[in-house]
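K.L.:
Have a peek at upload.csv (CSV, C-alpha atoms).
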chain,number,residue,atom,x,y,z
A,1,MET,CA,12.2,54.2,-23.2
A,2,VAL,CA,12.6,50.4,-23.0
A,3,LYS,CA,13.0,50.6,-19.2
A,4,ARG,CA,9.8,52.5,-18.9
A,5,LYS,CA,7.9,50.0,-20.9
A,6,VAL,CA,9.3,47.2,-18.8
A,7,ALA,CA,8.4,49.1,-15.7
A,8,LYS,CA,4.9,49.5,-17.0
A,9,VAL,CA,4.5,45.8,-17.5
A,10,LEU,CA,6.1,45.0,-14.2
A,11,ALA,CA,3.6,47.1,-12.4
A,12,PHE,CA,1.0,44.4,-13.3
A,13,ARG,CA,3.3,41.6,-12.3
A,14,TYR,CA,1.2,40.2,-9.5
A,15,LYS,CA,-1.9,40.4,-11.7
A,16,ILE,CA,-0.1,38.6,-14.5
A,17,LEU,CA,1.1,35.9,-12.1
A,18,ALA,CA,-2.4,35.4,-10.7
A,19,GLY,CA,-3.8,35.2,-14.2
A,20,ILE,CA,-1.2,32.5,-15.1
A,21,LEU,CA,-2.2,30.5,-12.1
A,22,ILE,CA,-5.9,30.7,-12.9
A,23,ILE,CA,-5.3,29.8,-16.6
A,24,LEU,CA,-3.2,26.8,-15.6
A,25,ALA,CA,-5.8,25.6,-13.0
A,26,GLY,CA,-8.6,26.2,-15.5
A,27,GLY,CA,-6.6,24.3,-18.1
A,28,LEU,CA,-6.7,21.2,-15.8
A,29,VAL,CA,-10.5,21.4,-15.6
A,30,LEU,CA,-10.9,21.9,-19.4
A,31,LEU,CA,-8.3,19.3,-20.5
A,32,PRO,CA,-10.0,16.4,-22.3
A,33,LYS,CA,-10.1,13.5,-19.8
A,34,TYR,CA,-8.9,10.1,-20.9
A,35,GLU,CA,-9.5,6.7,-19.4
A,36,LYS,CA,-6.6,6.0,-17.2
A,37,HIS,CA,-4.9,2.6,-17.3
A,38,GLU,CA,-6.1,1.0,-14.1
A,39,GLY,CA,-4.3,-1.8,-12.4
A,40,ILE,CA,-0.6,-2.7,-12.8
A,41,LYS,CA,1.3,-1.7,-15.9
A,42,PRO,CA,1.7,-4.1,-18.8
A,43,GLU,CA,5.4,-4.4,-18.2
A,44,GLN,CA,4.8,-5.4,-14.6
A,45,LEU,CA,2.2,-7.9,-15.7
A,46,LEU,CA,4.5,-9.4,-18.3
A,47,SER,CA,7.3,-9.9,-15.7
A,48,ASN,CA,4.7,-11.6,-13.4
A,49,VAL,CA,3.6,-13.8,-16.3
A,50,ILE,CA,7.1,-15.0,-17.0
A,51,SER,CA,8.1,-15.4,-13.4
A,52,PRO,CA,8.7,-19.0,-12.3
A,53,GLU,CA,6.7,-18.3,-9.1
A,54,ARG,CA,3.5,-18.2,-11.1
A,55,TYR,CA,3.1,-22.0,-11.1
A,56,ILE,CA,3.2,-24.4,-8.2
A,57,SER,CA,3.7,-28.1,-9.0
A,58,THR,CA,1.3,-30.8,-7.7
A,59,ASP,CA,4.1,-32.5,-5.8
A,60,ILE,CA,5.0,-29.3,-3.9
A,61,LEU,CA,1.3,-28.7,-3.2
A,62,ALA,CA,0.9,-32.3,-1.9
A,63,ASP,CA,3.8,-31.8,0.4
A,64,LYS,CA,2.3,-28.5,1.7
A,65,LEU,CA,-1.0,-30.2,2.3
A,66,ILE,CA,0.4,-33.2,4.1
A,67,ASN,CA,2.5,-31.0,6.3
A,68,GLN,CA,-0.7,-28.9,6.9
A,69,ASP,CA,1.1,-25.6,5.9
A,70,PRO,CA,-1.3,-22.9,7.2
A,71,SER,CA,-0.1,-20.3,4.8
A,72,TYR,CA,-1.7,-21.8,1.7
A,73,LEU,CA,-5.2,-21.0,0.6
A,74,LEU,CA,-6.6,-23.2,-2.1
A,75,ILE,CA,-9.2,-21.7,-4.4
A,76,ASP,CA,-11.2,-23.9,-6.9
A,77,VAL,CA,-12.3,-21.7,-9.8
A,78,ARG,CA,-14.5,-24.4,-11.4
A,79,ASP,CA,-18.3,-24.3,-11.1
A,80,LYS,CA,-20.2,-25.5,-8.1
A,81,GLU,CA,-21.1,-29.0,-9.4
A,82,SER,CA,-17.5,-29.9,-10.1
A,83,TYR,CA,-16.5,-28.5,-6.8
A,84,HIS,CA,-19.0,-30.7,-5.0
A,85,THR,CA,-18.0,-33.8,-7.0
A,86,TYR,CA,-14.3,-33.6,-6.2
A,87,THR,CA,-12.0,-30.9,-5.0
A,88,LEU,CA,-8.7,-30.6,-3.1
A,89,PRO,CA,-8.8,-30.8,0.7
A,90,ASN,CA,-9.9,-27.5,2.4
A,91,ALA,CA,-10.3,-25.7,-1.0
A,92,ILE,CA,-12.7,-22.8,-1.3
A,93,ASN,CA,-15.0,-22.5,-4.3
A,94,ILE,CA,-14.9,-19.2,-6.2
A,95,PRO,CA,-16.3,-19.9,-9.7
A,96,LEU,CA,-14.6,-17.9,-12.5
A,97,ALA,CA,-17.8,-16.0,-13.1
A,98,LYS,CA,-17.9,-14.8,-9.5
A,99,LEU,CA,-14.2,-13.9,-9.3
A,100,LEU,CA,-14.7,-10.2,-9.1
A,101,ASP,CA,-17.5,-10.3,-6.5
A,102,GLU,CA,-17.1,-8.5,-3.3
A,103,ASP,CA,-17.1,-11.7,-1.3
A,104,SER,CA,-14.3,-13.2,-3.4
A,105,GLU,CA,-12.1,-10.2,-3.0
A,106,ARG,CA,-11.5,-10.9,0.7
A,107,TYR,CA,-9.9,-14.2,-0.2
A,108,LEU,CA,-8.0,-13.0,-3.2
A,109,ASN,CA,-6.8,-9.6,-2.3
A,110,GLN,CA,-4.8,-10.2,0.8
A,111,ASP,CA,-1.1,-10.7,1.7
A,112,GLU,CA,-1.4,-13.2,4.5
A,113,TYR,CA,-1.8,-16.4,2.5
A,114,ASP,CA,-0.3,-17.8,-0.6
A,115,VAL,CA,-3.3,-18.3,-2.9
A,116,VAL,CA,-3.3,-21.4,-5.2
A,117,LEU,CA,-5.8,-21.2,-8.0
A,118,PHE,CA,-6.8,-24.4,-9.7
A,119,SER,CA,-9.3,-25.8,-12.2
A,120,ASN,CA,-9.5,-29.1,-14.2
A,121,ASP,CA,-6.4,-28.1,-16.1
A,122,ASN,CA,-4.7,-24.8,-15.6
A,123,PHE,CA,-6.8,-23.0,-18.3
A,124,TYR,CA,-9.5,-21.3,-16.1
A,125,ALA,CA,-7.0,-20.9,-13.2
A,126,ASP,CA,-4.7,-19.1,-15.5
A,127,GLN,CA,-7.4,-16.7,-16.6
A,128,ALA,CA,-8.3,-16.0,-13.0
A,129,TRP,CA,-4.7,-15.5,-12.3
A,130,ILE,CA,-4.3,-12.9,-15.0
A,131,LEU,CA,-7.4,-11.0,-14.0
A,132,CYS,CA,-6.4,-10.9,-10.3
A,133,ASN,CA,-2.8,-10.0,-11.2
A,134,ARG,CA,-3.9,-7.1,-13.2
A,135,LEU,CA,-5.8,-5.8,-10.1
A,136,ASP,CA,-2.5,-6.0,-8.3
A,137,TYR,CA,-3.5,-8.8,-5.9
A,138,GLN,CA,-0.5,-10.4,-4.3
A,139,ASN,CA,0.8,-14.0,-3.7
A,140,LEU,CA,-1.2,-15.7,-6.4
A,141,HIS,CA,-0.1,-19.1,-7.9
A,142,VAL,CA,-1.6,-21.5,-10.3
A,143,LEU,CA,-1.6,-25.3,-9.8
A,144,LYS,CA,0.4,-26.5,-12.8
A,145,GLY,CA,-1.9,-28.9,-14.7
A,146,GLY,CA,-4.8,-28.5,-12.4
A,147,ILE,CA,-6.8,-31.4,-11.0
A,148,ASN,CA,-6.0,-33.6,-14.0
A,149,GLN,CA,-2.3,-33.3,-13.2
A,150,TRP,CA,-3.1,-33.9,-9.5
A,151,PHE,CA,-4.8,-37.2,-10.5
A,152,ASN,CA,-2.0,-38.2,-12.8
A,153,THR,CA,0.8,-37.5,-10.3
A,154,VAL,CA,-0.4,-37.6,-6.7
A,155,ILE,CA,-3.5,-39.7,-6.7
A,156,ASN,CA,-2.6,-42.2,-9.4
A,157,PRO,CA,1.2,-42.0,-9.8
A,158,PRO,CA,2.7,-43.9,-12.8
A,159,LYS,CA,5.0,-46.7,-11.7
A,160,PRO,CA,8.6,-45.9,-12.8
A,161,LEU,CA,10.3,-48.4,-15.2
A,162,GLU,CA,13.2,-50.5,-14.0
A,163,ASN,CA,15.7,-48.6,-16.1
A,164,MET,CA,14.7,-45.2,-14.7
A,165,PRO,CA,17.0,-43.2,-12.3
A,166,THR,CA,16.6,-43.4,-8.5
A,167,GLU,CA,15.1,-40.0,-8.3
A,168,GLN,CA,12.1,-41.3,-10.2
A,169,PHE,CA,11.7,-44.1,-7.7
A,170,GLU,CA,12.0,-41.7,-4.8
A,171,LEU,CA,9.4,-39.4,-6.4
A,172,TYR,CA,7.1,-42.4,-6.9
A,173,SER,CA,7.4,-43.5,-3.3
A,174,PHE,CA,6.7,-39.9,-2.2
A,175,ARG,CA,3.6,-39.7,-4.5
A,176,LYS,CA,2.4,-43.1,-3.3
A,177,ALA,CA,2.7,-42.1,0.3
A,178,ALA,CA,0.9,-38.8,-0.6
A,179,SER,CA,-1.9,-40.7,-2.3
A,180,MET,CA,-2.3,-42.9,0.7
A,181,TYR,CA,-2.6,-39.7,2.8
A,182,PHE,CA,-5.3,-38.4,0.4
A,183,GLY,CA,-7.3,-41.6,0.8
A,184,VAL,CA,-6.1,-43.9,-2.0
A,185,ALA,CA,-6.0,-47.6,-0.9
A,186,TYR,CA,-3.4,-50.0,-2.3
A,187,PRO,CA,-3.9,-53.8,-2.3
A,188,GLU,CA,-0.6,-54.4,-0.5
A,189,GLN,CA,-1.7,-51.9,2.1
A,190,PHE,CA,-4.6,-54.1,3.0
A,191,LYS,CA,-2.5,-57.1,3.6
A,192,ALA,CA,-0.3,-55.2,5.9
A,193,VAL,CA,-3.2,-53.8,7.8
A,194,LYS,CA,-4.9,-57.1,8.5
A,195,LYS,CA,-2.0,-58.7,10.4
A,196,PRO,CA,-1.6,-56.1,13.2
A,197,LYS,CA,-5.4,-56.3,13.7
A,198,LYS,CA,-5.1,-59.9,14.7
A,199,LYS,CA,-2.1,-59.1,17.0
A,200,ILE,CA,-4.0,-56.4,18.7
A,201,VAL,CA,-6.8,-58.8,19.5
A,202,LYS,CA,-4.3,-61.2,21.0
A,203,LYS,CA,-2.6,-58.5,23.0
A,204,ILE,CA,-5.9,-57.5,24.6
A,205,ILE,CA,-6.5,-61.0,25.8
A,206,THR,CA,-3.0,-61.3,27.2
A,207,VAL,CA,-3.3,-58.0,29.1
A,208,LYS,CA,-6.4,-59.2,30.7
A,209,LYS,CA,-4.7,-62.3,31.9
A,210,LYS,CA,-1.8,-60.3,33.3
A,211,LYS,CA,-4.1,-58.0,35.2
A,212,LYS,CA,-5.7,-60.9,36.9
A,213,ALA,CA,-2.4,-62.6,37.9
A,214,PRO,CA,-0.9,-59.8,40.0
A,215,ALA,CA,-4.2,-59.2,41.7
A,216,GLU,CA,-4.3,-62.7,43.0
A,217,GLY,CA,-0.7,-62.5,44.2
A,218,GLY,CA,-1.4,-59.3,46.1
A,219,CYS,CA,-4.1,-60.8,48.2
B,1,MET,CA,7.7,7.2,-14.7
B,2,GLY,CA,7.6,9.1,-11.4
B,3,PRO,CA,7.8,9.3,-8.4
B,4,LEU,CA,11.5,8.8,-9.0
B,5,ILE,CA,12.5,7.0,-5.7
B,6,PRO,CA,9.6,4.5,-5.2
B,7,ASN,CA,9.9,3.5,-8.9
B,8,GLY,CA,13.7,2.9,-8.5
B,9,ILE,CA,14.8,5.5,-11.0
B,10,ILE,CA,16.8,7.0,-8.2
B,11,PRO,CA,18.0,4.3,-5.7
B,12,SER,CA,16.5,4.8,-2.2
B,13,ASP,CA,20.1,4.9,-0.8
B,14,TRP,CA,20.1,8.5,-2.0
B,15,ASP,CA,17.2,9.4,0.3
B,16,SER,CA,19.2,11.1,3.0
B,17,ILE,CA,21.4,13.0,0.5
B,18,ILE,CA,18.4,14.3,-1.4
B,19,ALA,CA,16.7,15.2,1.8
B,20,ILE,CA,19.7,17.3,2.9
B,21,LEU,CA,19.9,19.0,-0.5
B,22,ILE,CA,16.2,19.8,-0.5
B,23,GLY,CA,16.5,21.0,3.2
B,24,ILE,CA,19.3,23.3,2.3
B,25,ALA,CA,17.3,24.8,-0.6
B,26,PHE,CA,14.2,25.1,1.6
B,27,GLY,CA,16.2,26.9,4.3
B,28,PHE,CA,17.8,29.2,1.8
B,29,VAL,CA,14.5,30.2,0.3
B,30,LEU,CA,12.9,30.7,3.8
B,31,GLU,CA,15.8,33.0,4.8
B,32,ALA,CA,15.9,34.8,1.5
B,33,SER,CA,12.2,35.6,1.7
B,34,GLY,CA,12.7,37.0,5.2
B,35,PHE,CA,11.0,34.2,7.1
B,36,SER,CA,13.7,34.1,9.7
B,37,SER,CA,12.2,37.3,11.2
B,38,SER,CA,9.6,36.6,13.8
B,39,ARG,CA,8.0,40.1,13.1
B,40,LYS,CA,7.4,39.2,9.5
B,41,LEU,CA,5.9,35.8,10.5
B,42,ALA,CA,3.6,37.2,13.2
B,43,GLY,CA,2.5,40.0,10.7
B,44,VAL,CA,-0.1,37.6,9.3
B,45,PHE,CA,-1.9,37.6,12.7
B,46,TYR,CA,-1.7,41.4,13.2
B,47,GLY,CA,-2.5,42.3,9.6
B,48,TYR,CA,0.6,44.2,8.5
B,49,ASP,CA,2.4,41.6,6.5
B,50,PHE,CA,0.9,38.7,4.6
B,51,ALA,CA,4.0,37.3,3.0
B,52,VAL,CA,3.6,33.9,4.9
B,53,LEU,CA,0.1,33.4,3.6
B,54,LYS,CA,1.1,34.3,0.1
B,55,VAL,CA,4.3,32.3,0.0
B,56,PHE,CA,2.8,29.1,1.4
B,57,PHE,CA,-0.5,29.4,-0.5
B,58,THR,CA,1.4,30.0,-3.8
B,59,ALA,CA,3.8,27.1,-3.1
B,60,ALA,CA,0.9,24.7,-2.5
B,61,LEU,CA,-0.8,25.9,-5.6
B,62,VAL,CA,2.2,25.7,-7.9
B,63,ALA,CA,2.9,22.2,-6.5
B,64,THR,CA,-0.6,20.8,-6.9
B,65,ILE,CA,-1.1,22.3,-10.4
B,66,GLY,CA,2.4,21.0,-11.4
B,67,ILE,CA,1.8,17.6,-10.0
B,68,TYR,CA,-1.6,17.2,-11.7
B,69,TYR,CA,-0.2,18.3,-15.1
B,70,MET,CA,2.6,15.8,-14.7
B,71,ASP,CA,0.1,13.2,-13.8
B,72,TYR,CA,-2.0,14.1,-16.8
B,73,LEU,CA,1.0,13.8,-19.1
B,74,GLY,CA,2.0,10.5,-17.5
B,75,TYR,CA,5.3,11.6,-15.9
B,76,LEU,CA,4.0,11.1,-12.4
B,77,ASP,CA,1.5,8.8,-10.7
B,78,VAL,CA,-0.5,10.8,-8.1
B,79,GLY,CA,-1.7,7.5,-6.6
B,80,GLN,CA,1.9,6.5,-5.7
B,81,LEU,CA,2.6,9.7,-3.8
B,82,TYR,CA,2.8,9.6,0.0
B,83,VAL,CA,-0.3,11.0,1.8
B,84,HIS,CA,0.2,11.8,5.4
B,85,PRO,CA,-2.3,9.8,7.5
B,86,THR,CA,-5.0,11.8,9.3
B,87,PHE,CA,-5.5,11.5,13.1
B,88,LEU,CA,-8.3,13.9,13.6
B,89,TRP,CA,-7.9,14.8,17.3
B,90,GLY,CA,-4.2,14.9,17.1
B,91,ALA,CA,-4.4,17.3,14.1
B,92,ILE,CA,-7.0,19.6,15.8
B,93,ILE,CA,-5.3,19.8,19.2
B,94,GLY,CA,-1.8,19.9,17.7
B,95,GLY,CA,-2.9,22.6,15.3
B,96,ILE,CA,-4.2,24.7,18.1
B,97,ILE,CA,-1.0,24.3,20.2
B,98,MET,CA,1.1,25.1,17.1
B,99,GLY,CA,-1.0,28.2,16.3
B,100,ILE,CA,-0.7,29.6,19.8
B,101,GLY,CA,3.1,28.9,19.7
B,102,PHE,CA,3.2,30.6,16.3
B,103,VAL,CA,1.5,33.8,17.5
B,104,ALA,CA,3.3,33.9,20.8
B,105,GLY,CA,6.8,33.0,19.6
B,106,GLY,CA,6.7,34.3,16.1
B,107,PHE,CA,8.2,31.2,14.5
B,108,CYS,CA,7.0,27.9,13.2
B,109,PRO,CA,9.4,25.0,13.8
B,110,GLY,CA,11.0,25.3,10.3
B,111,THR,CA,11.6,29.0,10.4
B,112,SER,CA,12.8,28.9,13.9
B,113,LEU,CA,15.7,26.7,12.9
B,114,CYS,CA,16.3,29.0,9.9
B,115,ALA,CA,16.5,31.9,12.4
B,116,VAL,CA,18.9,30.0,14.7
B,117,ALA,CA,21.2,29.6,11.6
B,118,ILE,CA,21.5,33.4,11.3
B,119,GLY,CA,22.0,33.7,15.1
B,120,LYS,CA,18.8,35.1,16.4
B,121,ILE,CA,18.6,34.8,20.2
B,122,ASP,CA,14.8,34.6,20.4
B,123,ALA,CA,14.9,31.7,17.9
B,124,ILE,CA,17.5,29.9,20.0
B,125,ILE,CA,15.2,30.2,23.1
B,126,TYR,CA,12.3,29.1,20.9
B,127,VAL,CA,14.1,26.0,19.8
B,128,VAL,CA,15.1,25.2,23.4
B,129,GLY,CA,11.4,25.5,24.2
B,130,ILE,CA,10.5,23.0,21.3
B,131,MET,CA,13.0,20.6,22.7
B,132,ILE,CA,11.5,20.8,26.2
B,133,GLY,CA,8.1,20.3,24.7
B,134,VAL,CA,9.3,17.2,22.8
B,135,PHE,CA,10.9,15.8,25.9
B,136,ILE,CA,7.6,16.3,28.0
B,137,PHE,CA,5.6,14.8,25.2
B,138,SER,CA,7.8,11.7,24.8
B,139,GLU,CA,8.0,11.1,28.6
B,140,LEU,CA,4.2,11.4,29.0
B,141,PHE,CA,3.5,9.6,25.8
B,142,PHE,CA,1.4,6.9,27.5
B,143,LEU,CA,-1.0,9.7,28.7
B,144,PHE,CA,-1.2,11.2,25.2
B,145,GLU,CA,-1.3,8.0,23.2
B,146,PRO,CA,-5.1,7.6,23.0
B,147,LEU,CA,-5.4,11.2,21.8
B,148,TYR,CA,-2.4,10.9,19.5
B,149,GLU,CA,-3.7,7.7,17.8
B,150,GLY,CA,-7.4,8.4,18.1
B,151,ALA,CA,-9.8,9.1,15.2
B,152,PHE,CA,-7.6,7.6,12.6
B,153,PHE,CA,-9.0,8.3,9.1
B,154,GLY,CA,-6.2,6.7,7.0
B,155,ASN,CA,-4.3,8.4,4.2
B,156,ILE,CA,-7.1,10.6,3.0
B,157,THR,CA,-7.0,13.8,1.0
B,158,LEU,CA,-9.7,16.5,0.7
B,159,MET,CA,-10.7,15.0,-2.6
B,160,ASP,CA,-11.4,11.7,-0.9
B,161,SER,CA,-13.4,13.1,2.0
B,162,LEU,CA,-15.4,15.6,0.0
B,163,GLY,CA,-15.7,13.3,-3.0
B,164,VAL,CA,-15.0,16.1,-5.5
B,165,ASN,CA,-13.2,16.0,-8.8
B,166,PRO,CA,-9.6,16.9,-8.1
B,167,TYR,CA,-9.4,19.2,-11.2
B,168,TRP,CA,-12.4,21.3,-10.1
B,169,PHE,CA,-11.1,21.3,-6.6
B,170,ILE,CA,-7.7,22.7,-7.7
B,171,PHE,CA,-9.5,25.4,-9.8
B,172,ILE,CA,-11.7,26.5,-6.9
B,173,PHE,CA,-8.7,26.4,-4.6
B,174,THR,CA,-6.8,28.7,-7.0
B,175,ILE,CA,-9.7,31.2,-7.0
B,176,ILE,CA,-9.9,31.1,-3.2
B,177,ALA,CA,-6.2,31.7,-3.0
B,178,ILE,CA,-6.2,34.7,-5.3
B,179,VAL,CA,-9.2,36.2,-3.6
B,180,SER,CA,-7.5,35.8,-0.3
B,181,PHE,CA,-4.4,37.5,-1.7
B,182,VAL,CA,-6.5,40.5,-2.8
B,183,ILE,CA,-8.3,40.7,0.5
B,184,SER,CA,-5.0,40.5,2.4
B,185,ASP,CA,-3.6,43.3,0.3
B,186,ILE,CA,-6.6,45.5,1.1
B,187,ILE,CA,-6.2,44.7,4.8
B,188,ARG,CA,-2.5,45.5,4.7
B,189,LYS,CA,-3.1,48.9,3.0
B,190,ARG,CA,-5.6,49.9,5.6
B,191,ASN,CA,-3.2,49.2,8.4
B,192,LYS,CA,-0.6,51.7,9.4
B,193,LYS,CA,2.8,51.1,8.1
B,194,ILE,CA,4.9,49.3,10.7
B,195,PHE,CA,8.6,49.3,10.4
B,196,TYR,CA,10.3,46.1,11.5
Using structure tokens, write down the structure from this file.
P.N.:
Amino acid sequence: MVKRKVAKVLAFRYKILAGILIILAGGLVLLPKYEKHEGIKPEQLLSNVISPERYISTDILADKLINQDPSYLLIDVRDKESYHTYTLPNAINIPLAKLLDEDSERYLNQDEYDVVLFSNDNFYADQAWILCNRLDYQNLHVLKGGINQWFNTVINPPKPLENMPTEQFELYSFRKAASMYFGVAYPEQFKAVKKPKKKIVKKIITVKKKKKAPAEGGC
Amino acid sequence: MGPLIPNGIIPSDWDSIIAILIGIAFGFVLEASGFSSSRKLAGVFYGYDFAVLKVFFTAALVATIGIYYMDYLGYLDVGQLYVHPTFLWGAIIGGIIMGIGFVAGGFCPGTSLCAVAIGKIDAIIYVVGIMIGVFIFSELFFLFEPLYEGAFFGNITLMDSLGVNPYWFIFIFTIIAIVSFVISDIIRKRNKKIFY
């Protein structure tokens, strides 16, 4: 008797299977949809946040700029006025408000360049960094301390005290050289420049005389 | 969580071993469902056996429905799955060649290897033919290259190109599949029984 009942049910086995498929597929349509978490996962974002690669120091950036490293792309996230008043060499202006524009995406969402975001301090740059990181953009860095730190270290480096270690003096001489590269003039620099100018003038005169002398001899 | 290998839950060093295990399972299922018989495979085209259509359609359905349920429940991220890139001309012309080979030879590449494993002579010749074809293609690749790499559409799916909701698409796809099963059954019953 049991076998007969099972056989009766099994006669409909394909219909039952087809029904199960339709119910499951229909279930997918009818399931309540929820907003999916877009962008990277919170755990991934956290590990990016605590990664030391997040920040780039002003000294390293100055070194890259002086060596004209082509792999770095500087992005100024301050407003237009500040950008026109002062910015880092070859920086592109993307104000924070326009960060998610289509035109901005071409600069931010790429993996060819190392993008360095900066603002006056690293506050706005950090916000831009978080936003872009959540969209899974790659190779983003923030200039540690922003332009203020840039001024305090590279443009106007503090003189080390006499009792400081040699590294501090080396750092100071590097920063001083860097500041000269970025157009800061030092008083001692002017004295040094004036002397060769005079010599050059003298040299030109002597060269002229020399030129005349062999010509006379030749004739 | 998933997919397991890209997310590092299973190290990618296991790729080949997992591939071999899945391959063995796939081959076993093909042989067990009788797909190493060229008559059964060609039956789809002559209308006396629709096992191929049913098996592959059902497999695709079970997989898609399963994947989307797992995606919904958060076990699997559909966006992370590999989507084979579409080269339109390559797909069309390759599909035609493959179809002709399927009707004429009675095997598709996978089932032919399955049939070689159980020692079918026609399958052995079929595989030799595949190898000759592969050799000609690779030697003359410079001729075929524009066709092979032409009309590149990227890693698109039907949901992308049609712009439909995947859930509705799966539902409609299921209905189409079941209707096609019913129709194929009707066609099979009308045909004379062929013993093979």
K.L.:
Find the residues of chain B in contact range of chain A, meaning any atom within 12 Å when counting only C-alpha atoms, and list them as number ranges by chain.
P.N.:
B: 1, 7, 54, 57-74, 77-80, 165-182, 185
K.L.:
Considering all atoms listed in the file, return as a PyMOL selection string whatever protein or nucleic-acid residues lie within 8 Å of B:Phe35, sequence-local ones (same chain, fewer than 2 positions apart) excluded.
P.N.:
chain B and resi 30-33+37-38+40-41+52+111+114-115
K.L.:
What does the file look like for those residues with C-alpha atoms, as a PDB file, in the frame of the given file?
P.N.:
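out35.pdb was written with the following content:
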ATOM      1  CA  LEU B  30      12.900  30.700   3.800  1.00  0.00           C
ATOM      2  CA  GLU B  31      15.800  33.000   4.800  1.00  0.00           C
ATOM      3  CA  ALA B  32      15.900  34.800   1.500  1.00  0.00           C
ATOM      4  CA  SER B  33      12.200  35.600   1.700  1.00  0.00           C
ATOM      5  CA  SER B  37      12.200  37.300  11.200  1.00  0.00           C
ATOM      6  CA  SER B  38       9.600  36.600  13.800  1.00  0.00           C
ATOM      7  CA  LYS B  40       7.400  39.200   9.500  1.00  0.00           C
ATOM      8  CA  LEU B  41       5.900  35.800  10.500  1.00  0.00           C
ATOM      9  CA  VAL B  52       3.600  33.900   4.900  1.00  0.00           C
ATOM     10  CA  THR B 111      11.600  29.000  10.400  1.00  0.00           C
ATOM     11  CA  CYS B 114      16.300  29.000   9.900  1.00  0.00           C
ATOM     12  CA  ALA B 115      16.500  31.900  12.400  1.00  0.00           C
TER      13      ALA B 115
END
K.L.:
Find the distance between atom CA of B:Val83 and atom CA of B:Val134 and write it in Å to one decimal.
P.N.:
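A separation of 23.9 Å between them.
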K.L.:
Restricting the calculation to all atoms listed in the file: of A:Thr166, A:Asn156, A:Asn148, A:Gln138, which residue gets closest to A:Arg54?
P.N.:
A:Gln138
K.L.:
As an exercise, work out the distance from atom CA of A:Asp121 to atom CA of A:Gly145 in Å and give it to one decimal place.
P.N.:
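Spanning atom CA of A:Asp121 to atom CA of A:Gly145 is a straight-line distance of 4.8 Å.
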K.L.:
Give the answer as one residue: which of A:Pro187, A:Lys159, A:Glu167, A:Ser104 has the shortest atom-to-atom distance to A:Asp76, using all atoms listed in the file?
P.N.:
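Of A:Pro187, A:Lys159, A:Glu167, A:Ser104, the one nearest A:Asp76, counting all atoms listed in the file, is A:Ser104.
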K.L.:
Got a sec to check which residues sit within 12 Å of (-3.6, -32.6, -15.4), counting only C-alpha atoms, and write them as number ranges by chain?
P.N.:
A: 57-58, 118-123, 143-157
K.L.:
Write the residues you've just listed into a file as a short mmCIF file (atom, residue, chain, number, x, y, z; two decimals), in the frame of the given file, and include C-alpha atoms for each of them.
P.N.:
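Now in part29.cif:
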data_model
loop_
_atom_site.label_atom_id
_atom_site.label_comp_id
_atom_site.auth_asym_id
_atom_site.auth_seq_id
_atom_site.Cartn_x
_atom_site.Cartn_y
_atom_site.Cartn_z
CA SER A 57 3.70 -28.10 -9.00
CA THR A 58 1.30 -30.80 -7.70
CA PHE A 118 -6.80 -24.40 -9.70
CA SER A 119 -9.30 -25.80 -12.20
CA ASN A 120 -9.50 -29.10 -14.20
CA ASP A 121 -6.40 -28.10 -16.10
CA ASN A 122 -4.70 -24.80 -15.60
CA PHE A 123 -6.80 -23.00 -18.30
CA LEU A 143 -1.60 -25.30 -9.80
CA LYS A 144 0.40 -26.50 -12.80
CA GLY A 145 -1.90 -28.90 -14.70
CA GLY A 146 -4.80 -28.50 -12.40
CA ILE A 147 -6.80 -31.40 -11.00
CA ASN A 148 -6.00 -33.60 -14.00
CA GLN A 149 -2.30 -33.30 -13.20
CA TRP A 150 -3.10 -33.90 -9.50
CA PHE A 151 -4.80 -37.20 -10.50
CA ASN A 152 -2.00 -38.20 -12.80
CA THR A 153 0.80 -37.50 -10.30
CA VAL A 154 -0.40 -37.60 -6.70
CA ILE A 155 -3.50 -39.70 -6.70
CA ASN A 156 -2.60 -42.20 -9.40
CA PRO A 157 1.20 -42.00 -9.80
#
K.L.:
What does the distance from atom CA of B:Ser12 to atom CA of B:Leu76 come to in Å, to one decimal?
P.N.:
17.3 Å
K.L.:
Choose the residue, out of A:Asn48, A:Thr85, A:Gln127, A:Gln168, that has the smallest atom-to-atom separation from A:Asn139; count only C-alpha atoms.
P.N.:
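Smallest distance to A:Asn139 is found for A:Asn48.
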